[in-house]
Every structure is written in C-alpha cells, then in structure tokens.
file start37.pdb (PDB, C-alpha atoms, pLDDT in the B column)
ATOM      1  CA  MET A   1     143.637  90.728  77.407  1.00 54.00           C
ATOM      2  CA  THR A   2     141.853  91.101  80.721  1.00 54.00           C
ATOM      3  CA  ILE A   3     140.026  88.121  82.126  1.00 52.00           C
ATOM      4  CA  LYS A   4     137.306  88.944  84.623  1.00 50.00           C
ATOM      5  CA  LYS A   5     136.536  86.344  87.195  1.00 50.00           C
ATOM      6  CA  GLU A   6     132.911  86.280  88.275  1.00 52.00           C
ATOM      7  CA  ARG A   7     132.332  86.341  91.978  1.00 55.00           C
ATOM      8  CA  GLN A   8     130.482  83.274  93.124  1.00 57.00           C
ATOM      9  CA  PRO A   9     127.532  83.795  95.463  1.00 65.00           C
ATOM     10  CA  THR A  10     128.272  82.984  99.064  1.00 80.00           C
ATOM     11  CA  PRO A  11     126.507  80.041 100.724  1.00 83.00           C
ATOM     12  CA  PHE A  12     124.315  82.503 102.612  1.00 81.00           C
ATOM     13  CA  LEU A  13     123.263  84.272  99.391  1.00 83.00           C
ATOM     14  CA  ARG A  14     122.506  80.919  97.802  1.00 86.00           C
ATOM     15  CA  LEU A  15     120.369  80.089 100.828  1.00 87.00           C
ATOM     16  CA  GLN A  16     118.445  83.349 100.441  1.00 84.00           C
ATOM     17  CA  GLU A  17     117.906  82.620  96.754  1.00 86.00           C
ATOM     18  CA  SER A  18     116.566  79.166  97.578  1.00 89.00           C
ATOM     19  CA  LEU A  19     114.376  80.552 100.318  1.00 88.00           C
ATOM     20  CA  SER A  20     113.077  83.212  97.915  1.00 86.00           C
ATOM     21  CA  GLU A  21     112.012  80.460  95.516  1.00 88.00           C
ATOM     22  CA  VAL A  22     110.167  78.623  98.305  1.00 89.00           C
ATOM     23  CA  ILE A  23     108.349  81.826  99.284  1.00 87.00           C
ATOM     24  CA  ALA A  24     107.458  82.608  95.651  1.00 84.00           C
ATOM     25  CA  GLU A  25     105.940  79.148  95.248  1.00 88.00           C
ATOM     26  CA  THR A  26     103.802  79.521  98.388  1.00 89.00           C
ATOM     27  CA  PRO A  27     100.409  81.224  97.872  1.00 88.00           C
ATOM     28  CA  ALA A  28      99.849  84.435  99.808  1.00 81.00           C
ATOM     29  CA  GLY A  29      98.330  83.768 103.212  1.00 82.00           C
ATOM     30  CA  GLU A  30      99.624  80.189 103.307  1.00 89.00           C
ATOM     31  CA  ARG A  31     102.096  78.865 105.828  1.00 90.00           C
ATOM     32  CA  LEU A  32     105.640  77.892 104.928  1.00 92.00           C
ATOM     33  CA  PRO A  33     106.931  74.451 105.943  1.00 92.00           C
ATOM     34  CA  SER A  34     107.958  74.234 109.581  1.00 90.00           C
ATOM     35  CA  GLU A  35     111.450  75.434 110.454  1.00 89.00           C
ATOM     36  CA  PRO A  36     112.865  71.914 111.024  1.00 91.00           C
ATOM     37  CA  LYS A  37     111.511  70.669 107.670  1.00 92.00           C
ATOM     38  CA  LEU A  38     112.570  73.798 105.792  1.00 92.00           C
ATOM     39  CA  ALA A  39     116.047  73.772 107.329  1.00 92.00           C
ATOM     40  CA  GLN A  40     116.463  70.103 106.468  1.00 92.00           C
ATOM     41  CA  SER A  41     115.284  70.556 102.872  1.00 91.00           C
ATOM     42  CA  LEU A  42     117.677  73.499 102.367  1.00 91.00           C
ATOM     43  CA  GLY A  43     120.560  71.742 104.106  1.00 91.00           C
ATOM     44  CA  VAL A  44     121.182  74.358 106.807  1.00 91.00           C
ATOM     45  CA  SER A  45     120.788  74.698 110.550  1.00 91.00           C
ATOM     46  CA  ARG A  46     117.680  76.299 112.025  1.00 89.00           C
ATOM     47  CA  ALA A  47     119.772  79.210 113.336  1.00 88.00           C
ATOM     48  CA  THR A  48     121.118  79.907 109.832  1.00 89.00           C
ATOM     49  CA  LEU A  49     117.624  79.609 108.369  1.00 89.00           C
ATOM     50  CA  ARG A  50     116.231  82.140 110.861  1.00 86.00           C
ATOM     51  CA  GLU A  51     118.974  84.597 109.955  1.00 85.00           C
ATOM     52  CA  ALA A  52     118.152  84.238 106.252  1.00 86.00           C
ATOM     53  CA  MET A  53     114.432  84.684 106.924  1.00 86.00           C
ATOM     54  CA  ARG A  54     115.022  87.917 108.826  1.00 80.00           C
ATOM     55  CA  ALA A  55     115.683  89.879 105.609  1.00 75.00           C
ATOM     56  CA  PHE A  56     112.330  88.748 104.156  1.00 81.00           C
ATOM     57  CA  GLU A  57     110.579  89.685 107.406  1.00 77.00           C
ATOM     58  CA  GLN A  58     112.066  93.167 107.322  1.00 67.00           C
ATOM     59  CA  GLN A  59     110.699  93.622 103.803  1.00 68.00           C
ATOM     60  CA  GLY A  60     107.242  92.564 104.957  1.00 71.00           C
ATOM     61  CA  ILE A  61     107.245  89.500 102.676  1.00 81.00           C
ATOM     62  CA  ILE A  62     106.764  86.930 105.410  1.00 84.00           C
ATOM     63  CA  ARG A  63     105.596  87.052 109.003  1.00 80.00           C
ATOM     64  CA  ARG A  64     106.413  84.680 111.816  1.00 79.00           C
ATOM     65  CA  ARG A  65     103.764  84.077 114.467  1.00 78.00           C
ATOM     66  CA  GLN A  66     104.878  82.658 117.795  1.00 73.00           C
ATOM     67  CA  GLY A  67     103.734  79.063 118.137  1.00 78.00           C
ATOM     68  CA  VAL A  68     101.822  79.136 114.835  1.00 84.00           C
ATOM     69  CA  GLY A  69     104.327  79.301 111.972  1.00 87.00           C
ATOM     70  CA  THR A  70     105.633  81.535 109.208  1.00 88.00           C
ATOM     71  CA  PHE A  71     103.193  82.930 106.651  1.00 87.00           C
ATOM     72  CA  VAL A  72     103.603  84.577 103.262  1.00 85.00           C
ATOM     73  CA  ILE A  73     102.161  88.089 103.335  1.00 78.00           C
ATOM     74  CA  SER A  74     100.037  89.546 100.583  1.00 66.00           C
ATOM     75  CA  HIS A  75      99.514  93.281 100.411  1.00 56.00           C
ATOM     76  CA  THR A  76      99.577  95.656  97.501  1.00 55.00           C
ATOM     77  CA  HIS A  77      99.740  98.915  99.438  1.00 66.00           C
ATOM     78  CA  ALA A  78     102.497 100.521 101.427  1.00 71.00           C
ATOM     79  CA  ILE A  79     102.060 103.735 103.361  1.00 76.00           C
ATOM     80  CA  GLU A  80     104.741 106.160 102.239  1.00 76.00           C
ATOM     81  CA  SER A  81     105.308 109.481 103.924  1.00 77.00           C
ATOM     82  CA  GLY A  82     107.904 112.097 104.602  1.00 76.00           C
ATOM     83  CA  LEU A  83     108.626 112.912 108.212  1.00 77.00           C
ATOM     84  CA  GLU A  84     108.434 116.664 107.648  1.00 81.00           C
ATOM     85  CA  VAL A  85     104.632 116.794 108.017  1.00 83.00           C
ATOM     86  CA  LEU A  86     102.801 115.218 110.944  1.00 87.00           C
ATOM     87  CA  GLU A  87      99.817 113.153 109.767  1.00 89.00           C
ATOM     88  CA  SER A  88      97.930 110.208 111.221  1.00 90.00           C
ATOM     89  CA  ILE A  89      98.118 106.689 109.835  1.00 90.00           C
ATOM     90  CA  GLU A  90      94.432 106.980 108.948  1.00 89.00           C
ATOM     91  CA  THR A  91      95.060 110.092 106.833  1.00 89.00           C
ATOM     92  CA  LEU A  92      98.038 108.523 105.063  1.00 87.00           C
ATOM     93  CA  ALA A  93      96.143 105.289 104.389  1.00 86.00           C
ATOM     94  CA  GLN A  94      93.107 107.118 103.009  1.00 86.00           C
ATOM     95  CA  ARG A  95      95.361 108.876 100.514  1.00 85.00           C
ATOM     96  CA  ILE A  96      96.368 105.566  98.901  1.00 81.00           C
ATOM     97  CA  GLY A  97      93.033 103.816  99.285  1.00 83.00           C
ATOM     98  CA  LEU A  98      94.176 101.461 102.047  1.00 82.00           C
ATOM     99  CA  THR A  99      91.582 100.543 104.645  1.00 85.00           C
ATOM    100  CA  VAL A 100      92.851 100.660 108.212  1.00 89.00           C
ATOM    101  CA  GLU A 101      90.955 100.239 111.437  1.00 92.00           C
ATOM    102  CA  MET A 102      91.611 100.130 115.131  1.00 94.00           C
ATOM    103  CA  GLY A 103      92.150  96.773 116.784  1.00 93.00           C
ATOM    104  CA  ALA A 104      92.750  96.168 120.480  1.00 93.00           C
ATOM    105  CA  LEU A 105      92.313  99.401 122.469  1.00 94.00           C
ATOM    106  CA  LYS A 106      93.375 100.015 126.064  1.00 94.00           C
ATOM    107  CA  ILE A 107      92.817 103.334 127.871  1.00 94.00           C
ATOM    108  CA  SER A 108      94.482 103.692 131.272  1.00 94.00           C
ATOM    109  CA  GLN A 109      94.548 106.413 133.915  1.00 94.00           C
ATOM    110  CA  LEU A 110      97.993 106.766 135.466  1.00 95.00           C
ATOM    111  CA  SER A 111      99.826 108.841 138.031  1.00 97.00           C
ATOM    112  CA  ALA A 112     102.989 110.431 136.656  1.00 96.00           C
ATOM    113  CA  ASN A 113     106.200 108.834 137.892  1.00 96.00           C
ATOM    114  CA  ALA A 114     109.375 110.885 138.294  1.00 96.00           C
ATOM    115  CA  GLU A 115     110.458 110.421 134.668  1.00 95.00           C
ATOM    116  CA  GLN A 116     107.022 111.240 133.251  1.00 96.00           C
ATOM    117  CA  ALA A 117     106.659 114.262 135.523  1.00 96.00           C
ATOM    118  CA  MET A 118     109.962 115.632 134.241  1.00 95.00           C
ATOM    119  CA  LEU A 119     108.937 114.915 130.649  1.00 93.00           C
ATOM    120  CA  PHE A 120     105.700 116.907 130.944  1.00 96.00           C
ATOM    121  CA  ALA A 121     107.043 119.498 133.422  1.00 94.00           C
ATOM    122  CA  MET A 122     104.383 118.537 135.976  1.00 95.00           C
ATOM    123  CA  GLU A 123     104.322 117.386 139.565  1.00 95.00           C
ATOM    124  CA  GLU A 124     105.015 113.752 140.345  1.00 96.00           C
ATOM    125  CA  GLY A 125     101.713 111.938 140.865  1.00 96.00           C
ATOM    126  CA  ALA A 126      99.774 114.224 138.510  1.00 96.00           C
ATOM    127  CA  PRO A 127      97.096 112.388 136.466  1.00 96.00           C
ATOM    128  CA  LEU A 128      97.969 111.100 132.987  1.00 97.00           C
ATOM    129  CA  LEU A 129      96.001 109.294 130.309  1.00 96.00           C
ATOM    130  CA  GLN A 130      97.612 106.454 128.339  1.00 97.00           C
ATOM    131  CA  VAL A 131      95.999 105.329 125.083  1.00 96.00           C
ATOM    132  CA  SER A 132      97.364 102.091 123.594  1.00 96.00           C
ATOM    133  CA  ARG A 133      95.958 100.467 120.468  1.00 96.00           C
ATOM    134  CA  VAL A 134      96.739  98.202 117.535  1.00 96.00           C
ATOM    135  CA  ILE A 135      96.156  99.472 114.002  1.00 94.00           C
ATOM    136  CA  LEU A 136      95.002  96.882 111.473  1.00 92.00           C
ATOM    137  CA  ALA A 137      95.668  97.086 107.737  1.00 86.00           C
ATOM    138  CA  GLU A 138      94.027  94.555 105.448  1.00 77.00           C
ATOM    139  CA  ASP A 139      92.752  92.782 108.594  1.00 80.00           C
ATOM    140  CA  ARG A 140      96.277  92.232 109.933  1.00 82.00           C
ATOM    141  CA  PRO A 141      98.188  94.083 112.666  1.00 88.00           C
ATOM    142  CA  ALA A 142     100.420  96.733 111.087  1.00 88.00           C
ATOM    143  CA  ALA A 143     101.306  99.092 113.949  1.00 94.00           C
ATOM    144  CA  TYR A 144     101.084  99.489 117.703  1.00 97.00           C
ATOM    145  CA  LEU A 145     100.625 103.039 119.039  1.00 97.00           C
ATOM    146  CA  VAL A 146     100.929 104.375 122.578  1.00 97.00           C
ATOM    147  CA  ASP A 147     100.080 107.974 123.536  1.00 97.00           C
ATOM    148  CA  LEU A 148     100.677 109.524 126.942  1.00 98.00           C
ATOM    149  CA  LEU A 149      98.877 112.808 127.725  1.00 97.00           C
ATOM    150  CA  PRO A 150      98.023 114.981 130.734  1.00 96.00           C
ATOM    151  CA  ASP A 151      94.388 114.322 131.578  1.00 93.00           C
ATOM    152  CA  ASP A 152      93.463 117.979 131.123  1.00 94.00           C
ATOM    153  CA  VAL A 153      94.321 117.616 127.418  1.00 96.00           C
ATOM    154  CA  ILE A 154      91.997 114.657 126.843  1.00 93.00           C
ATOM    155  CA  ALA A 155      89.721 113.324 129.556  1.00 88.00           C
ATOM    156  CA  TYR A 156      89.061 109.600 129.942  1.00 88.00           C
ATOM    157  CA  ALA A 157      85.354 110.069 129.175  1.00 87.00           C
ATOM    158  CA  GLU A 158      86.063 111.877 125.887  1.00 87.00           C
ATOM    159  CA  LEU A 159      87.445 108.815 124.138  1.00 85.00           C
ATOM    160  CA  ASN A 160      84.118 107.193 123.359  1.00 74.00           C
ATOM    161  CA  GLU A 161      82.927 105.060 120.469  1.00 66.00           C
ATOM    162  CA  GLU A 162      83.784 107.836 117.991  1.00 72.00           C
ATOM    163  CA  PHE A 163      87.518 107.495 118.647  1.00 85.00           C
ATOM    164  CA  ASN A 164      89.069 105.979 115.500  1.00 81.00           C
ATOM    165  CA  GLY A 165      92.523 105.288 116.896  1.00 89.00           C
ATOM    166  CA  SER A 166      94.256 108.586 116.108  1.00 93.00           C
ATOM    167  CA  VAL A 167      94.855 110.976 119.007  1.00 95.00           C
ATOM    168  CA  LEU A 168      96.203 113.511 116.489  1.00 95.00           C
ATOM    169  CA  ASP A 169      92.999 113.456 114.421  1.00 94.00           C
ATOM    170  CA  PHE A 170      90.935 113.703 117.611  1.00 93.00           C
ATOM    171  CA  LEU A 171      92.779 116.868 118.695  1.00 94.00           C
ATOM    172  CA  LEU A 172      92.592 118.387 115.219  1.00 93.00           C
ATOM    173  CA  ARG A 173      88.825 117.797 114.989  1.00 91.00           C
ATOM    174  CA  ARG A 174      88.275 119.296 118.425  1.00 91.00           C
ATOM    175  CA  GLY A 175      90.435 122.298 117.589  1.00 93.00           C
ATOM    176  CA  MET A 176      91.931 122.709 121.043  1.00 93.00           C
ATOM    177  CA  PRO A 177      94.565 122.951 122.175  1.00 95.00           C
ATOM    178  CA  ARG A 178      95.921 124.405 118.945  1.00 95.00           C
ATOM    179  CA  LEU A 179      98.849 122.338 117.739  1.00 96.00           C
ATOM    180  CA  ALA A 180     102.179 123.827 116.695  1.00 95.00           C
ATOM    181  CA  ASN A 181     104.865 121.246 115.977  1.00 94.00           C
ATOM    182  CA  SER A 182     106.254 117.825 116.774  1.00 95.00           C
ATOM    183  CA  VAL A 183     109.774 116.583 117.458  1.00 94.00           C
ATOM    184  CA  ALA A 184     110.398 112.935 116.549  1.00 92.00           C
ATOM    185  CA  GLU A 185     113.123 110.370 117.102  1.00 92.00           C
ATOM    186  CA  VAL A 186     113.385 107.324 114.829  1.00 91.00           C
ATOM    187  CA  GLN A 187     115.131 104.097 115.728  1.00 91.00           C
ATOM    188  CA  ALA A 188     115.007 100.351 115.172  1.00 88.00           C
ATOM    189  CA  VAL A 189     113.961  98.317 118.224  1.00 91.00           C
ATOM    190  CA  ALA A 190     113.407  94.682 119.116  1.00 89.00           C
ATOM    191  CA  ALA A 191     109.819  93.699 119.859  1.00 90.00           C
ATOM    192  CA  THR A 192     109.081  92.951 123.502  1.00 94.00           C
ATOM    193  CA  SER A 193     106.951  89.961 124.437  1.00 93.00           C
ATOM    194  CA  GLU A 194     103.848  92.159 124.842  1.00 95.00           C
ATOM    195  CA  ILE A 195     104.286  94.020 121.549  1.00 94.00           C
ATOM    196  CA  ALA A 196     105.108  90.774 119.726  1.00 89.00           C
ATOM    197  CA  ARG A 197     101.865  89.239 120.996  1.00 90.00           C
ATOM    198  CA  LEU A 198      99.800  92.238 119.897  1.00 93.00           C
ATOM    199  CA  LEU A 199     101.409  92.425 116.449  1.00 89.00           C
ATOM    200  CA  GLU A 200     101.442  88.622 116.022  1.00 83.00           C
ATOM    201  CA  ILE A 201     105.192  88.444 115.479  1.00 81.00           C
ATOM    202  CA  GLN A 202     108.159  86.873 117.241  1.00 78.00           C
ATOM    203  CA  ARG A 203     109.721  88.411 120.331  1.00 82.00           C
ATOM    204  CA  GLY A 204     112.908  90.154 119.274  1.00 82.00           C
ATOM    205  CA  ASP A 205     111.760  90.889 115.717  1.00 81.00           C
ATOM    206  CA  VAL A 206     112.935  94.279 114.493  1.00 81.00           C
ATOM    207  CA  LEU A 207     110.397  97.116 114.364  1.00 87.00           C
ATOM    208  CA  LEU A 208     110.643 100.736 113.328  1.00 89.00           C
ATOM    209  CA  SER A 209     109.954 102.908 116.368  1.00 93.00           C
ATOM    210  CA  LEU A 210     108.943 106.563 116.185  1.00 94.00           C
ATOM    211  CA  GLY A 211     108.925 108.529 119.435  1.00 95.00           C
ATOM    212  CA  ALA A 212     107.324 111.960 119.122  1.00 95.00           C
ATOM    213  CA  LYS A 213     106.705 114.969 121.359  1.00 96.00           C
ATOM    214  CA  LEU A 214     103.705 117.076 120.322  1.00 97.00           C
ATOM    215  CA  PHE A 215     103.621 120.743 121.346  1.00 97.00           C
ATOM    216  CA  SER A 216     100.814 123.287 121.484  1.00 96.00           C
ATOM    217  CA  GLU A 217     101.102 126.850 120.185  1.00 96.00           C
ATOM    218  CA  GLU A 218     101.851 127.940 123.776  1.00 95.00           C
ATOM    219  CA  GLY A 219     104.927 125.711 123.749  1.00 95.00           C
ATOM    220  CA  ARG A 220     103.490 123.112 126.130  1.00 95.00           C
ATOM    221  CA  MET A 221     104.171 119.448 125.443  1.00 96.00           C
ATOM    222  CA  ILE A 222     100.728 117.868 125.367  1.00 97.00           C
ATOM    223  CA  ASP A 223     101.432 114.375 124.036  1.00 97.00           C
ATOM    224  CA  TYR A 224     104.263 111.896 124.015  1.00 97.00           C
ATOM    225  CA  SER A 225     103.652 109.071 121.554  1.00 97.00           C
ATOM    226  CA  THR A 226     105.554 105.930 120.717  1.00 97.00           C
ATOM    227  CA  SER A 227     104.646 104.137 117.488  1.00 96.00           C
ATOM    228  CA  TYR A 228     105.886 100.705 116.476  1.00 96.00           C
ATOM    229  CA  PHE A 229     105.604  99.914 112.761  1.00 92.00           C
ATOM    230  CA  LEU A 230     105.831  96.566 111.003  1.00 84.00           C
ATOM    231  CA  PRO A 231     108.131  96.489 107.963  1.00 74.00           C
ATOM    232  CA  GLY A 232     106.385  96.219 104.630  1.00 70.00           C
ATOM    233  CA  TYR A 233     103.445  98.497 105.403  1.00 73.00           C
ATOM    234  CA  PHE A 234     105.385 101.693 106.052  1.00 78.00           C
ATOM    235  CA  ARG A 235     108.104 103.576 104.199  1.00 76.00           C
ATOM    236  CA  PHE A 236     109.231 106.843 105.724  1.00 78.00           C
ATOM    237  CA  GLN A 237     111.318 109.360 103.835  1.00 78.00           C
ATOM    238  CA  VAL A 238     113.225 112.462 104.835  1.00 78.00           C
ATOM    239  CA  VAL A 239     113.715 115.332 102.382  1.00 78.00           C
ATOM    240  CA  ARG A 240     117.138 116.823 103.012  1.00 77.00           C
ATOM    241  CA  SER A 241     118.498 120.034 101.524  1.00 78.00           C
ATOM    242  CA  VAL A 242     122.089 120.200 100.369  1.00 85.00           C
ATOM    243  CA  GLY A 243     124.185 122.182 102.783  1.00 72.00           C
ATOM    244  CA  THR A 244     127.095 124.468 101.969  1.00 67.00           C
ATOM    245  CA  ASN A 245     130.498 124.693 103.546  1.00 60.00           C
ATOM    246  CA  LYS A 246     132.610 127.775 102.965  1.00 54.00           C
ATOM    247  CA  VAL A 247     136.154 126.838 101.954  1.00 50.00           C
ATOM    248  CA  VAL A 248     139.059 129.249 101.491  1.00 48.00           C
ATOM    249  CA  ASP A 249     141.865 128.280  99.074  1.00 51.00           C
ATOM    250  CA  GLY A 250     144.160 131.167 100.008  1.00 49.00           C
ATOM    251  CA  THR A 251     142.700 133.850  97.752  1.00 48.00           C
ATOM    252  CA  ASP A 252     139.119 133.481  96.656  1.00 46.00           C
ATOM    253  CA  PRO A 253     136.355 131.820  98.695  1.00 42.00           C
ATOM    254  CA  TYR A 254     134.048 129.246  97.139  1.00 35.00           C
ATOM    255  CA  TYR A 255     131.329 126.942  98.350  1.00 35.00           C
ATOM    256  CA  LEU A 256     131.515 123.175  98.440  1.00 31.00           C
ATOM    257  CA  ASN A 257     128.250 121.256  98.268  1.00 32.00           C
ATOM    258  CA  TYR A 258     128.017 117.965 100.078  1.00 27.00           C
TER     259      TYR A 258
END
call {"tool": "encode", "arguments": {"input": "start37.pdb", "output": "structure tokens"}}
result
Amino acid sequence: MTIKKERQPTPFLRLQESLSEVIAETPAGERLPSEPKLAQSLGVSRATLREAMRAFEQQGIIRRRQGVGTFVISHTHAIESGLEVLESIETLAQRIGLTVEMGALKISQLSANAEQAMLFAMEEGAPLLQVSRVILAEDRPAAYLVDLLPDDVIAYAELNEEFNGSVLDFLLRRGMPRLANSVAEVQAVAATSEIARLLEIQRGDVLLSLGAKLFSEEGRMIDYSTSYFLPGYFRFQVVRSVGTNKVVDGTDPYYLNY
C-alpha cells in the first residue's frame, strides 16, 4: 500500500489565497483596504503583503496608484497579438471591439545626441521629432508610447488634430515612406517615476517593454519606438516553428525535432 502525503500550501500561498478572496469580494473599481489595515487583518508585514500583491498586479487584476490606494480592475477585453505582424494598438483594439483613445500627448523637437545619431546613421545635432503619448483603454491608462524619428520623416506641423496616437497608422495612411519591416526587442522593465505617474501606477512596478526599429523599403531606419504596456490589457504571442537537428548514429542519418 502506498500512502500519499498531500503537500500543504506554504504560508505565502495561503496569503495569496486570502488576498484573492479579499479582491473577489471587492466590487470592480473600488479601493482595497489600506496596506496597514490589510496587512494587519491578514497577519503579515506590509513588505510581505506587497510581494503577494505583485502577482495580482502583473495579471492586471489590481492596480496601485501612488498616494491614492489599490483598486480592483474591471475589464473584459485583452488585446492579444502575435509579434510576427506589426500593427498599431488601435488596429488590434478595433478587432476585438475595445475602445482606445489617446491621452496625454507631448511632441518635442530634439537635436540628436551621439547615441541617437549613431542609431539613425545621421550627424550629431541633426533634428529629431519625439512623440510621447498615453493610450487609454476603458478610460484608464493602458500603455505609454514613445517614438523617435528624423524630422524629414514626419514634420512637427504634420501631427495635427487628426493624429490618433499611432505613428505607424499615420505613415501607412500617408503612404510614404513605404515601410518594409520592423525589428523588435521585448523585455520586462521597472517603471520610472515619470512613467509611473503617467500610467497611474507605482514606481518600480513591472511593465512589458517593446523596443522596435522600423525600416523603409530603402533599408533606412525611420522610427525607433519604445512601448510600455500594463499587464492585463496585452497578451503577446510568438509563433515558433519546430527546428531540426541532423544527428548521425554511425550509419544512417535521421532528424531530431526539438
């Protein structure tokens, strides 16, 4: 006879279960009890409570706002996309019936520093245009986007009241320069004080960052964008083909899939 011993949940898992119950009992849009009260009621330190809450933040279930409190989030849509095709947030949202709009917009004219000049293969001091904006979904900040472009690609005066927040859509509508491909780098980053303020989150909260270089058909890099996405509203997928590795066993070759 074999007797199986059930593994008991760790104190941290029990804390997450208790916290999950508190969140489930709180109506969407309402604020959770303050950290001191919640930590006391659950019998843990505030540092342990924050660590337990981080998992719910990353799922987009709750959101902490600096100096205001922690709120339960209600949204029924998530933008899902593969990274193989370059599309704007607006296009992806329209596909699932999610209304998004542009929030705070800042357009700046810059002179390329040494790093930017090398990035765009231009002379140091050459004019650049920086377009920074918040994207709102269901009236809440969901992403913060920053595009950096040579000013001969988009002029400052071109971004008028018709600009909806997507530099990609703007270039596609205009039809020039003709776009070829984009190379992207994905990583998790901690929110800076400025980004945290714009997205109404805590400094240091984890965000998904997508840095992308956009190239024209002539091979020129015409845009470098950095996008910061809040968990819960975005799910990115990568379709990967199964590779083959030729292995020789001494006589006959065969292929091993992995």
call {"tool": "residues_around", "arguments": {"input": "start37.pdb", "residues": "range 56-68 of chain A", "least_positions_apart": "3", "cutoff": "10 Å", "atoms": "only C-alpha atoms", "output": "MDAnalysis selection string"}}
result
chainID A and resid 16 19:20 23:24 28:29 31:32 34 51:53 71:75 78 196:197 199:203 205:208 230:234
call {"tool": "atom_distance", "arguments": {"input": "start37.pdb", "atom1": "CA of Gly165 in chain A", "atom2": "CA of Thr91 in chain A"}}
result
11.4 Å
call {"tool": "closest_residue", "arguments": {"input": "start37.pdb", "among": "A:Lys106, A:Arg220, A:Lys37, A:Arg140", "to": "Ala121 in chain A", "atoms": "only C-alpha atoms"}}
result
A:Arg220
call {"tool": "closest_residue", "arguments": {"input": "start37.pdb", "among": "A:Glu138, A:Glu30, A:Glu90, A:Asp223", "to": "Ser182 in chain A", "atoms": "all atoms listed in the file"}}
result
A:Asp223
call {"tool": "atom_distance", "arguments": {"input": "start37.pdb", "atom1": "CA of Pro127 in chain A", "atom2": "CA of Gln109 in chain A"}}
result
7.0 Å
call {"tool": "closest_residue", "arguments": {"input": "start37.pdb", "among": "A:Ala180, A:Ala39, A:Leu198, A:Ala117", "to": "Leu86 in chain A", "atoms": "all atoms listed in the file"}}
result
A:Ala180
call {"tool": "resolve_selection", "arguments": {"input": "start37.pdb", "expression": "the PyMOL selection byres ((chain A and resi 12) around 10)", "output": "PyMOL selection string"}}
result
chain A and resi 9-11+13-18+44+48-49+51-52
call {"tool": "atom_distance", "arguments": {"input": "start37.pdb", "atom1": "CA of Ser111 in chain A", "atom2": "CA of Gly125 in chain A"}}
result
4.6 Å
call {"tool": "resolve_selection", "arguments": {"input": "start37.pdb", "expression": "the PyMOL selection byres ((chain A and resi 153) around 9)", "output": "number ranges by chain"}}
result
A: 129, 149-152, 154-155, 171, 176-177, 222-223
call {"tool": "closest_residue", "arguments": {"input": "start37.pdb", "among": "A:Val131, A:Thr192, A:Gly43, A:Glu218", "to": "Arg178 in chain A", "atoms": "all atoms listed in the file"}}
result
A:Glu218
call {"tool": "closest_residue", "arguments": {"input": "start37.pdb", "among": "A:Glu162, A:Leu128, A:Val242, A:Ala55", "to": "Ile107 in chain A", "atoms": "all atoms listed in the file"}}
result
A:Leu128
call {"tool": "resolve_selection", "arguments": {"input": "start37.pdb", "expression": "the PyMOL selection byres ((chain A and resi 135) around 8)", "output": "list in words"}}
result
Val100, Glu101, Met102, Gly103, Arg133, Val134, Leu136, Ala137, Pro141, Ala142, Ala143, Tyr144, Leu145 and Gly165 of chain A
call {"tool": "closest_residue", "arguments": {"input": "start37.pdb", "among": "A:Phe236, A:Asp147, A:Gln187, A:Leu159", "to": "Lys213 in chain A", "atoms": "all atoms listed in the file"}}
result
A:Asp147
